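Visitor: This is target.csv (CSV, C-alpha atoms).
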```csv
chain,number,residue,atom,x,y,z
A,1,MET,CA,15.5,-17.7,4.9
A,2,TYR,CA,14.3,-15.4,2.2
A,3,LYS,CA,15.2,-14.3,-1.4
A,4,LEU,CA,14.6,-10.9,-2.7
A,5,TYR,CA,14.2,-10.1,-6.4
A,6,ILE,CA,13.9,-6.7,-8.0
A,7,GLU,CA,13.1,-5.9,-11.6
A,8,LYS,CA,12.0,-2.9,-13.7
A,9,ASN,CA,9.2,-2.7,-16.3
A,10,ILE,CA,7.6,-6.1,-15.5
A,11,SER,CA,4.1,-6.9,-14.4
A,12,SER,CA,3.7,-8.5,-11.0
A,13,LYS,CA,2.1,-11.6,-12.6
A,14,SER,CA,5.0,-12.1,-15.1
A,15,PHE,CA,7.6,-11.5,-12.4
A,16,LEU,CA,6.0,-14.1,-10.1
A,17,GLU,CA,5.8,-16.6,-12.9
A,18,LYS,CA,9.4,-16.0,-13.8
A,19,VAL,CA,10.7,-16.3,-10.2
A,20,LEU,CA,8.7,-19.4,-9.5
A,21,LYS,CA,10.0,-21.0,-12.7
A,22,GLU,CA,13.6,-20.1,-11.7
A,23,ASN,CA,13.0,-21.8,-8.4
A,24,ASN,CA,11.5,-24.8,-10.0
A,25,ILE,CA,8.1,-24.2,-8.3
A,26,HIS,CA,5.0,-25.3,-10.2
A,27,ASP,CA,1.9,-24.5,-8.3
A,28,GLU,CA,-1.5,-22.8,-8.3
A,29,ILE,CA,-2.0,-19.4,-6.7
A,30,VAL,CA,-4.9,-19.1,-4.2
A,31,TYR,CA,-6.0,-16.1,-2.2
A,32,ASN,CA,-7.1,-15.5,1.4
A,33,ASP,CA,-10.3,-13.6,2.2
A,34,TYR,CA,-8.4,-10.2,2.0
A,35,GLY,CA,-6.8,-11.0,-1.4
A,36,LYS,CA,-3.3,-12.0,-0.2
A,37,PRO,CA,-1.9,-14.6,-2.6
A,38,TYR,CA,-0.4,-17.9,-1.6
A,39,LEU,CA,0.9,-21.1,-3.2
A,40,LYS,CA,-1.7,-23.8,-2.9
A,41,ASN,CA,0.6,-26.8,-2.4
A,42,ASN,CA,3.9,-25.5,-1.2
A,43,GLU,CA,5.0,-24.3,2.2
A,44,ILE,CA,6.7,-21.3,0.4
A,45,TYR,CA,5.4,-17.8,1.0
A,46,PHE,CA,5.8,-14.9,-1.3
A,47,ASN,CA,4.8,-11.2,-1.5
A,48,ILE,CA,5.1,-8.6,-4.2
A,49,SER,CA,5.1,-4.8,-4.3
A,50,HIS,CA,5.6,-2.3,-6.9
A,51,SER,CA,6.2,1.5,-7.1
A,52,HIS,CA,6.3,3.3,-10.4
A,53,ASN,CA,8.2,0.9,-12.8
A,54,VAL,CA,10.0,-1.1,-10.1
A,55,THR,CA,8.7,-4.4,-8.8
A,56,VAL,CA,10.0,-6.3,-5.8
A,57,LEU,CA,9.3,-9.9,-4.9
A,58,VAL,CA,10.2,-11.8,-1.8
A,59,ILE,CA,10.0,-15.6,-1.4
A,60,SER,CA,10.4,-17.1,2.0
A,61,ASP,CA,9.9,-20.2,4.0
A,62,GLY,CA,7.8,-18.2,6.5
A,63,GLU,CA,4.9,-15.7,6.2
A,64,VAL,CA,6.2,-12.5,4.7
A,65,GLY,CA,5.2,-9.0,3.6
A,66,VAL,CA,7.2,-6.6,1.4
A,67,ASP,CA,6.7,-3.0,0.3
A,68,ILE,CA,8.6,-0.6,-2.0
A,69,GLU,CA,8.0,3.1,-2.4
A,70,LYS,CA,9.8,5.8,-4.2
A,71,VAL,CA,10.9,8.6,-1.8
A,72,THR,CA,8.0,10.9,-1.1
A,73,MET,CA,6.6,13.1,1.6
A,74,ARG,CA,2.8,13.1,2.5
A,75,GLU,CA,2.2,15.4,5.5
A,76,LYS,CA,-1.5,14.4,5.9
A,77,VAL,CA,-0.6,10.7,5.9
A,78,ILE,CA,1.9,11.3,8.8
A,79,ALA,CA,-0.8,12.8,10.9
A,80,LYS,CA,-3.2,9.9,10.1
A,81,ILE,CA,-0.9,6.8,10.5
A,82,CYS,CA,1.9,7.7,12.9
A,83,THR,CA,2.2,7.3,16.6
A,84,GLU,CA,3.4,10.3,18.5
A,85,GLU,CA,6.9,8.7,18.9
A,86,GLU,CA,7.1,8.0,15.2
A,87,LYS,CA,6.1,11.6,14.3
A,88,LYS,CA,9.1,12.9,16.3
A,89,LEU,CA,11.5,10.8,14.2
A,90,ILE,CA,10.3,12.0,10.8
A,91,LYS,CA,12.6,14.7,9.7
A,92,SER,CA,12.8,14.1,5.9
A,93,ALA,CA,11.0,12.5,3.0
A,94,GLU,CA,13.4,9.5,3.4
A,95,ASP,CA,12.3,9.1,7.0
A,96,PHE,CA,8.7,9.2,6.0
A,97,THR,CA,9.1,6.7,3.1
A,98,LEU,CA,11.0,4.3,5.3
A,99,LEU,CA,8.3,4.4,7.9
A,100,TRP,CA,5.6,3.9,5.3
A,101,VAL,CA,7.2,0.8,3.7
A,102,LYS,CA,7.7,-0.6,7.2
A,103,LYS,CA,4.0,-0.2,8.1
A,104,GLU,CA,2.8,-1.5,4.8
A,105,SER,CA,5.1,-4.5,4.8
A,106,TYR,CA,3.8,-5.5,8.3
A,107,VAL,CA,0.2,-5.1,7.1
A,108,LYS,CA,1.0,-7.2,4.0
A,109,TYR,CA,2.6,-9.8,6.3
A,110,LEU,CA,-0.6,-10.0,8.2
A,111,GLY,CA,-2.5,-10.3,5.0
A,112,LEU,CA,-5.4,-8.2,6.1
A,113,GLY,CA,-5.2,-5.5,3.5
A,114,LEU,CA,-6.7,-2.2,4.3
A,115,ALA,CA,-8.9,-3.7,7.0
A,116,TYR,CA,-5.9,-3.2,9.4
A,117,ASN,CA,-5.3,0.2,10.9
A,118,LEU,CA,-1.9,1.5,9.9
A,119,HIS,CA,-1.8,3.6,13.0
A,120,ASP,CA,-1.8,0.4,15.1
A,121,VAL,CA,1.5,-0.7,13.5
A,122,ASP,CA,4.2,0.6,15.9
A,123,THR,CA,7.3,0.4,13.8
A,124,LEU,CA,9.4,1.1,16.8
A,125,LYS,CA,8.4,-2.2,18.4
A,126,LEU,CA,8.9,-4.4,15.4
A,127,GLU,CA,12.0,-5.6,13.5
A,128,PHE,CA,12.2,-5.1,9.8
A,129,ILE,CA,14.7,-5.7,7.1
A,130,THR,CA,15.1,-2.5,5.1
A,131,MET,CA,17.2,-1.4,2.1
A,132,GLN,CA,17.5,1.3,-0.4
A,133,TYR,CA,17.3,0.7,-4.2
A,134,GLU,CA,18.1,3.8,-6.2
A,135,ASP,CA,15.6,6.4,-4.9
A,136,TYR,CA,13.3,3.7,-3.5
A,137,TYR,CA,13.0,2.2,0.0
A,138,ILE,CA,12.1,-1.4,0.6
A,139,ALA,CA,11.0,-3.0,3.9
A,140,ILE,CA,10.4,-6.7,4.6
A,141,TYR,CA,8.6,-8.1,7.6
A,142,GLY,CA,8.3,-11.8,8.2
A,143,THR,CA,8.9,-14.9,10.2
A,144,ASN,CA,12.0,-17.0,9.6
A,145,LEU,CA,13.8,-14.3,7.6
A,146,ASN,CA,17.3,-15.0,9.0
B,1,MET,CA,-19.9,18.8,-3.5
B,2,LYS,CA,-19.1,16.8,-6.7
B,3,GLU,CA,-16.9,19.4,-8.2
B,4,GLU,CA,-15.2,20.0,-4.8
B,5,ILE,CA,-14.4,16.3,-4.4
B,6,ILE,CA,-13.1,16.0,-8.0
B,7,ALA,CA,-10.9,19.0,-7.4
B,8,LEU,CA,-9.5,17.5,-4.3
B,9,VAL,CA,-8.8,14.1,-6.0
B,10,SER,CA,-7.2,16.0,-8.9
B,11,GLU,CA,-4.9,17.9,-6.5
B,12,VAL,CA,-3.9,14.9,-4.3
B,13,LEU,CA,-3.3,12.5,-7.2
B,14,GLU,CA,-2.0,15.1,-9.6
B,15,VAL,CA,-4.4,14.0,-12.3
B,16,PRO,CA,-6.2,16.6,-14.5
B,17,LYS,CA,-9.8,17.2,-13.5
B,18,GLU,CA,-11.0,16.4,-17.0
B,19,LYS,CA,-10.0,12.8,-16.5
B,20,ILE,CA,-12.2,12.4,-13.4
B,21,ASN,CA,-15.9,11.9,-13.2
B,22,GLU,CA,-18.4,10.0,-11.0
B,23,LYS,CA,-17.7,6.7,-12.8
B,24,THR,CA,-13.9,6.9,-12.5
B,25,ASN,CA,-12.5,4.0,-10.6
B,26,LEU,CA,-9.6,4.8,-8.2
B,27,VAL,CA,-7.6,1.7,-8.9
B,28,SER,CA,-8.4,0.7,-12.5
B,29,ASP,CA,-8.7,4.3,-14.0
B,30,LEU,CA,-6.3,6.3,-11.8
B,31,ASP,CA,-3.8,3.6,-10.7
B,32,VAL,CA,-4.3,4.5,-7.1
B,33,GLU,CA,-2.0,2.5,-4.7
B,34,SER,CA,-2.2,2.3,-1.0
B,35,LEU,CA,-0.2,5.4,-0.2
B,36,ASP,CA,-2.3,7.5,-2.6
B,37,LEU,CA,-5.4,6.0,-1.1
B,38,VAL,CA,-4.4,6.8,2.5
B,39,ASP,CA,-3.4,10.3,1.3
B,40,LEU,CA,-6.8,10.8,-0.3
B,41,ILE,CA,-8.7,9.5,2.8
B,42,ALA,CA,-6.6,11.9,5.0
B,43,ALA,CA,-7.4,14.8,2.7
B,44,PHE,CA,-11.2,14.1,2.8
B,45,GLU,CA,-11.1,13.7,6.6
B,46,THR,CA,-9.3,17.0,7.0
B,47,LYS,CA,-11.5,18.9,4.5
B,48,TYR,CA,-14.8,17.7,5.7
B,49,GLN,CA,-13.9,17.1,9.3
B,50,ILE,CA,-15.1,13.5,9.2
B,51,GLU,CA,-13.7,10.2,10.1
B,52,ILE,CA,-13.6,7.4,7.5
B,53,ALA,CA,-13.4,4.0,9.2
B,54,ASP,CA,-10.9,1.5,7.8
B,55,LYS,CA,-13.7,-1.0,7.1
B,56,ASP,CA,-15.4,1.6,4.9
B,57,ILE,CA,-12.4,2.2,2.7
B,58,LYS,CA,-12.9,-0.8,0.4
B,59,LYS,CA,-16.4,0.4,-0.4
B,60,LEU,CA,-14.9,3.6,-1.9
B,61,GLN,CA,-14.1,2.3,-5.3
B,62,THR,CA,-15.3,5.1,-7.6
B,63,ILE,CA,-15.6,8.9,-7.3
B,64,GLY,CA,-19.3,8.4,-7.2
B,65,ASP,CA,-18.9,6.1,-4.1
B,66,ILE,CA,-16.8,8.8,-2.4
B,67,ILE,CA,-19.4,11.5,-3.1
B,68,LYS,CA,-22.2,9.4,-1.8
B,69,TYR,CA,-20.2,8.4,1.3
B,70,ILE,CA,-19.3,11.9,2.2
B,71,GLU,CA,-22.9,13.1,1.6
B,72,SER,CA,-24.1,10.3,3.9
B,73,LYS,CA,-21.9,11.9,6.7
B,74,ASN,CA,-24.2,14.9,6.4
B,75,VAL,CA,-21.4,17.2,5.3
```
Once more with this new file: its structure as structure tokens, please.
Guide:
Amino acid sequence: MYKLYIEKNISSKSFLEKVLKENNIHDEIVYNDYGKPYLKNNEIYFNISHSHNVTVLVISDGEVGVDIEKVTMREKVIAKICTEEEKKLIKSAEDFTLLWVKKESYVKYLGLGLAYNLHDVDTLKLEFITMQYEDYYIAIYGTNLN
Amino acid sequence: MKEEIIALVSEVLEVPKEKINEKTNLVSDLDVESLDLVDLIAAFETKYQIEIADKDIKKLQTIGDIIKYIESKNV
């Protein structure tokens, strides 16, 4: 099970504080070696992402990663991070953005930051929850999402 | 080399060159997020025909770090 929150013009810190309060969670934030934040004393996981002025936050009872990005196209990034099969499927900025948020959400799920090679994330072999919010795409990857 | 790298950063991030110098921090000064960072890395790799290992990316925090790193690749 997961809950998704989206808000504009709010810092990640304030947003997290607000959502934790709404869910009656009072806890300390701790970080893993790669900087991924966790709650110290609760088996509740969360992840935050922002793009421009939009911030998205997911809380879940399993490990989770989320990413949001405004629709964009980056040709050099495609060459660097996509598998040959993924490259064939990118026909538009929307396709690219969706692929990017999928890869990022998976890496954020793993909690390894940039130490993990995005090229190794084969989005065609993984299952994501994706959605569109205005001209942004959001992807969530996690365990126990359903 | 320095001017060339600043010009490339300016072009990729769409930030005026005047706002970039060796001390400029990618995250705290230029608000670089992961997509911008990967785009920048890809631009450096293409321009200088080098490979920047993922483990090295976190060392590249300032423009000065990038200049030194690319120079160390004997470009």
Visitor: Give me, please, the distance in Å between CA of Ser12 in chain A and CA of Asp29 in chain B, quoted to one decimal.
Guide: 18.1 Å
Visitor: Just checking: using all atoms listed in the file, which residue out of A:Tyr45, A:Tyr31, A:Trp100, A:Tyr106 ends up closest to chain B?
Guide: A:Trp100
Visitor: Rank B:Leu13, B:Leu35, B:Ile5, B:Ala43 by their smallest atom-to-atom distance to Asp65 in chain B, using all atoms listed in the file, and report the top residue only.
Guide: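 Closest to Asp65 in chain B of all the choices is B:Ile5.
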Visitor: I'd like a table as JSON lines: residues in chain B with an atom no more than 8 Å from chain A, each row giving the shortest atom pair and its distance in Å to one decimal, all atoms listed in the file counted, sorted by chain and rising residue number.
Guide:
```
{"residue": "B:Val38", "atom": "CA", "partner": "A:Val77", "partner_atom": "CA", "distance": 6.4}
{"residue": "B:Asp39", "atom": "CA", "partner": "A:Val77", "partner_atom": "CA", "distance": 5.4}
{"residue": "B:Ala42", "atom": "CA", "partner": "A:Lys76", "partner_atom": "CA", "distance": 5.8}
{"residue": "B:Ala43", "atom": "CA", "partner": "A:Lys76", "partner_atom": "CA", "distance": 6.7}
{"residue": "B:Asp54", "atom": "CA", "partner": "A:Ala115", "partner_atom": "CA", "distance": 5.6}
{"residue": "B:Lys55", "atom": "CA", "partner": "A:Ala115", "partner_atom": "CA", "distance": 5.5}
{"residue": "B:Ile57", "atom": "CA", "partner": "A:Leu114", "partner_atom": "CA", "distance": 7.4}
{"residue": "B:Lys58", "atom": "CA", "partner": "A:Leu114", "partner_atom": "CA", "distance": 7.5}
```
Visitor: In terms of the shortest atom-to-atom distance over only C-alpha atoms, which of A:Glu43, A:Glu84, A:Asp67, A:Asp120 is closest to Lys102 in chain A?
Guide: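 Checking each candidate against Lys102 in chain A, we get A:Asp67 as the closest.
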Visitor: Can you tell me which residues surround Leu8 in chain B at a distance of at most 12 Å, considering all atoms listed in the file, apart from same-chain residues fewer than 6 positions away, and format the answer as a PyMOL selection string?
Guide: chain B and resi 1-2+14-17+20+39-48+63+66-67
Visitor: Could you state the separation of CA of Ser60 in chain A and CA of Lys18 in chain A in Å, given to one decimal place?
Guide: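 Distance between the two atoms: 15.9 Å.
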Visitor: Distance CA of Lys125 in chain A-CA of Leu112 in chain A, one decimal place?
Guide: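 Taking CA of Lys125 in chain A as the start and CA of Leu112 in chain A as the end point, the length is 19.4 Å.
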Visitor: Residues at most 8 Å from Gly64 in chain B, counting all atoms listed in the file, excluding those fewer than 5 positions away in the same chain, as a PyMOL selection string?
Guide: chain B and resi 21-24
Visitor: Contacts of Asn146 in chain A at 12 Å or less, counting all atoms listed in the file, minus same-chain residues fewer than 5 places along, as an MDAnalysis selection string?
Guide: chainID A and resid 1:3 60:62 127:129 140:141
Visitor: Using all atoms listed in the file, which protein or nucleic acid residues come within 12 Å of Val56 in chain A? Drop anything in the same chain fewer than 3 positions from it, and give the result as a ChimeraX atom specification.
Guide: /A:3-13,15-16,19,46-53,59,65-69,105,131-133,136-140
Visitor: So, counting all atoms listed in the file, which residue among A:Thr123, A:Val58, A:Leu145, A:Val71 is closest to Asp95 in chain A?
Guide: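 Looking at the shortest contact to Asp95 in chain A, the residue is A:Val71.
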Visitor: Which of these residues is nearest to Gln61 in chain B, using only C-alpha atoms: B:Glu3, B:Val9, B:Ser34, B:Asn25?
Guide: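 The shortest atom-to-atom distance to Gln61 in chain B comes from B:Asn25.
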Visitor: Measuring between only C-alpha atoms, which one of B:Leu60, B:Ile70, B:Glu51, B:Leu26 shows the shortest distance to Glu4 in chain B?
Guide: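 Selected residue with least distance to Glu4 in chain B: B:Ile70.
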Visitor: Keeping N, CA and C atoms, write range 27-61 of chain B of the structure just shown out as a PDB file, in the first residue's frame.
Guide:
```
ATOM      1  N   VAL B  27      25.391  21.878  -7.485  1.00  0.00           N
ATOM      2  CA  VAL B  27      24.101  21.721  -6.794  1.00  0.00           C
ATOM      3  C   VAL B  27      23.684  22.996  -6.074  1.00  0.00           C
ATOM      4  N   SER B  28      24.571  23.523  -5.231  1.00  0.00           N
ATOM      5  CA  SER B  28      24.138  24.663  -4.413  1.00  0.00           C
ATOM      6  C   SER B  28      24.067  25.976  -5.185  1.00  0.00           C
ATOM      7  N   ASP B  29      24.883  26.140  -6.225  1.00  0.00           N
ATOM      8  CA  ASP B  29      24.850  27.401  -6.980  1.00  0.00           C
ATOM      9  C   ASP B  29      23.998  27.312  -8.247  1.00  0.00           C
ATOM     10  N   LEU B  30      23.998  26.153  -8.881  1.00  0.00           N
ATOM     11  CA  LEU B  30      23.313  26.065 -10.179  1.00  0.00           C
ATOM     12  C   LEU B  30      22.053  25.184 -10.127  1.00  0.00           C
ATOM     13  N   ASP B  31      21.703  24.698  -8.922  1.00  0.00           N
ATOM     14  CA  ASP B  31      20.495  23.873  -8.746  1.00  0.00           C
ATOM     15  C   ASP B  31      20.452  22.666  -9.686  1.00  0.00           C
ATOM     16  N   VAL B  32      21.609  22.081  -9.924  1.00  0.00           N
ATOM     17  CA  VAL B  32      21.661  20.930 -10.827  1.00  0.00           C
ATOM     18  C   VAL B  32      21.007  19.712 -10.167  1.00  0.00           C
ATOM     19  N   GLU B  33      20.085  19.092 -10.881  1.00  0.00           N
ATOM     20  CA  GLU B  33      19.454  17.862 -10.397  1.00  0.00           C
ATOM     21  C   GLU B  33      19.965  16.706 -11.243  1.00  0.00           C
ATOM     22  N   SER B  34      19.507  15.506 -10.939  1.00  0.00           N
ATOM     23  CA  SER B  34      20.160  14.349 -11.554  1.00  0.00           C
ATOM     24  C   SER B  34      20.089  14.328 -13.084  1.00  0.00           C
ATOM     25  N   LEU B  35      18.959  14.742 -13.663  1.00  0.00           N
ATOM     26  CA  LEU B  35      18.880  14.713 -15.129  1.00  0.00           C
ATOM     27  C   LEU B  35      19.885  15.691 -15.746  1.00  0.00           C
ATOM     28  N   ASP B  36      19.986  16.883 -15.156  1.00  0.00           N
ATOM     29  CA  ASP B  36      20.970  17.860 -15.649  1.00  0.00           C
ATOM     30  C   ASP B  36      22.390  17.301 -15.512  1.00  0.00           C
ATOM     31  N   LEU B  37      22.630  16.632 -14.395  1.00  0.00           N
ATOM     32  CA  LEU B  37      23.968  16.111 -14.147  1.00  0.00           C
ATOM     33  C   LEU B  37      24.337  15.041 -15.180  1.00  0.00           C
ATOM     34  N   VAL B  38      23.411  14.135 -15.450  1.00  0.00           N
ATOM     35  CA  VAL B  38      23.679  13.085 -16.443  1.00  0.00           C
ATOM     36  C   VAL B  38      23.858  13.716 -17.831  1.00  0.00           C
ATOM     37  N   ASP B  39      23.064  14.754 -18.099  1.00  0.00           N
ATOM     38  CA  ASP B  39      23.180  15.464 -19.379  1.00  0.00           C
ATOM     39  C   ASP B  39      24.570  16.113 -19.508  1.00  0.00           C
ATOM     40  N   LEU B  40      25.020  16.714 -18.411  1.00  0.00           N
ATOM     41  CA  LEU B  40      26.355  17.340 -18.407  1.00  0.00           C
ATOM     42  C   LEU B  40      27.456  16.306 -18.607  1.00  0.00           C
ATOM     43  N   ILE B  41      27.357  15.212 -17.863  1.00  0.00           N
ATOM     44  CA  ILE B  41      28.368  14.145 -17.970  1.00  0.00           C
ATOM     45  C   ILE B  41      28.418  13.638 -19.417  1.00  0.00           C
ATOM     46  N   ALA B  42      27.230  13.422 -19.999  1.00  0.00           N
ATOM     47  CA  ALA B  42      27.165  12.931 -21.387  1.00  0.00           C
ATOM     48  C   ALA B  42      27.793  13.951 -22.337  1.00  0.00           C
ATOM     49  N   ALA B  43      27.577  15.236 -22.066  1.00  0.00           N
ATOM     50  CA  ALA B  43      28.154  16.285 -22.928  1.00  0.00           C
ATOM     51  C   ALA B  43      29.680  16.287 -22.831  1.00  0.00           C
ATOM     52  N   PHE B  44      30.213  16.141 -21.622  1.00  0.00           N
ATOM     53  CA  PHE B  44      31.682  16.090 -21.452  1.00  0.00           C
ATOM     54  C   PHE B  44      32.251  14.848 -22.135  1.00  0.00           C
ATOM     55  N   GLU B  45      31.583  13.739 -21.957  1.00  0.00           N
ATOM     56  CA  GLU B  45      32.078  12.485 -22.563  1.00  0.00           C
ATOM     57  C   GLU B  45      32.118  12.595 -24.082  1.00  0.00           C
ATOM     58  N   THR B  46      31.082  13.215 -24.638  1.00  0.00           N
ATOM     59  CA  THR B  46      31.028  13.344 -26.095  1.00  0.00           C
ATOM     60  C   THR B  46      32.095  14.313 -26.588  1.00  0.00           C
ATOM     61  N   LYS B  47      32.178  15.467 -25.928  1.00  0.00           N
ATOM     62  CA  LYS B  47      33.115  16.500 -26.396  1.00  0.00           C
ATOM     63  C   LYS B  47      34.570  16.067 -26.269  1.00  0.00           C
ATOM     64  N   TYR B  48      34.903  15.434 -25.138  1.00  0.00           N
ATOM     65  CA  TYR B  48      36.308  15.102 -24.893  1.00  0.00           C
ATOM     66  C   TYR B  48      36.646  13.631 -25.145  1.00  0.00           C
ATOM     67  N   GLN B  49      35.657  12.876 -25.643  1.00  0.00           N
ATOM     68  CA  GLN B  49      35.891  11.459 -25.954  1.00  0.00           C
ATOM     69  C   GLN B  49      36.489  10.716 -24.759  1.00  0.00           C
ATOM     70  N   ILE B  50      35.876  10.929 -23.603  1.00  0.00           N
ATOM     71  CA  ILE B  50      36.332  10.253 -22.391  1.00  0.00           C
ATOM     72  C   ILE B  50      35.158   9.501 -21.792  1.00  0.00           C
ATOM     73  N   GLU B  51      35.471   8.645 -20.810  1.00  0.00           N
ATOM     74  CA  GLU B  51      34.390   7.999 -20.078  1.00  0.00           C
ATOM     75  C   GLU B  51      34.490   8.419 -18.617  1.00  0.00           C
ATOM     76  N   ILE B  52      33.402   8.904 -18.091  1.00  0.00           N
ATOM     77  CA  ILE B  52      33.386   9.322 -16.686  1.00  0.00           C
ATOM     78  C   ILE B  52      32.666   8.232 -15.902  1.00  0.00           C
ATOM     79  N   ALA B  53      33.417   7.550 -15.042  1.00  0.00           N
ATOM     80  CA  ALA B  53      32.842   6.421 -14.290  1.00  0.00           C
ATOM     81  C   ALA B  53      31.809   6.937 -13.286  1.00  0.00           C
ATOM     82  N   ASP B  54      30.759   6.143 -13.079  1.00  0.00           N
ATOM     83  CA  ASP B  54      29.706   6.557 -12.137  1.00  0.00           C
ATOM     84  C   ASP B  54      30.280   6.875 -10.757  1.00  0.00           C
ATOM     85  N   LYS B  55      31.269   6.085 -10.337  1.00  0.00           N
ATOM     86  CA  LYS B  55      31.830   6.295  -9.000  1.00  0.00           C
ATOM     87  C   LYS B  55      32.561   7.640  -8.885  1.00  0.00           C
ATOM     88  N   ASP B  56      32.929   8.218 -10.025  1.00  0.00           N
ATOM     89  CA  ASP B  56      33.648   9.497 -10.012  1.00  0.00           C
ATOM     90  C   ASP B  56      32.705  10.698  -9.985  1.00  0.00           C
ATOM     91  N   ILE B  57      31.430  10.464 -10.325  1.00  0.00           N
ATOM     92  CA  ILE B  57      30.518  11.594 -10.497  1.00  0.00           C
ATOM     93  C   ILE B  57      30.367  12.406  -9.215  1.00  0.00           C
ATOM     94  N   LYS B  58      30.293  11.708  -8.086  1.00  0.00           N
ATOM     95  CA  LYS B  58      30.082  12.450  -6.838  1.00  0.00           C
ATOM     96  C   LYS B  58      31.285  13.339  -6.454  1.00  0.00           C
ATOM     97  N   LYS B  59      32.441  13.060  -7.076  1.00  0.00           N
ATOM     98  CA  LYS B  59      33.626  13.906  -6.799  1.00  0.00           C
ATOM     99  C   LYS B  59      33.533  15.232  -7.547  1.00  0.00           C
ATOM    100  N   LEU B  60      32.676  15.280  -8.564  1.00  0.00           N
ATOM    101  CA  LEU B  60      32.604  16.471  -9.421  1.00  0.00           C
ATOM    102  C   LEU B  60      31.574  17.455  -8.874  1.00  0.00           C
ATOM    103  N   GLN B  61      31.976  18.169  -7.840  1.00  0.00           N
ATOM    104  CA  GLN B  61      31.011  19.057  -7.185  1.00  0.00           C
ATOM    105  C   GLN B  61      31.087  20.497  -7.682  1.00  0.00           C
TER     106      GLN B  61
END
```
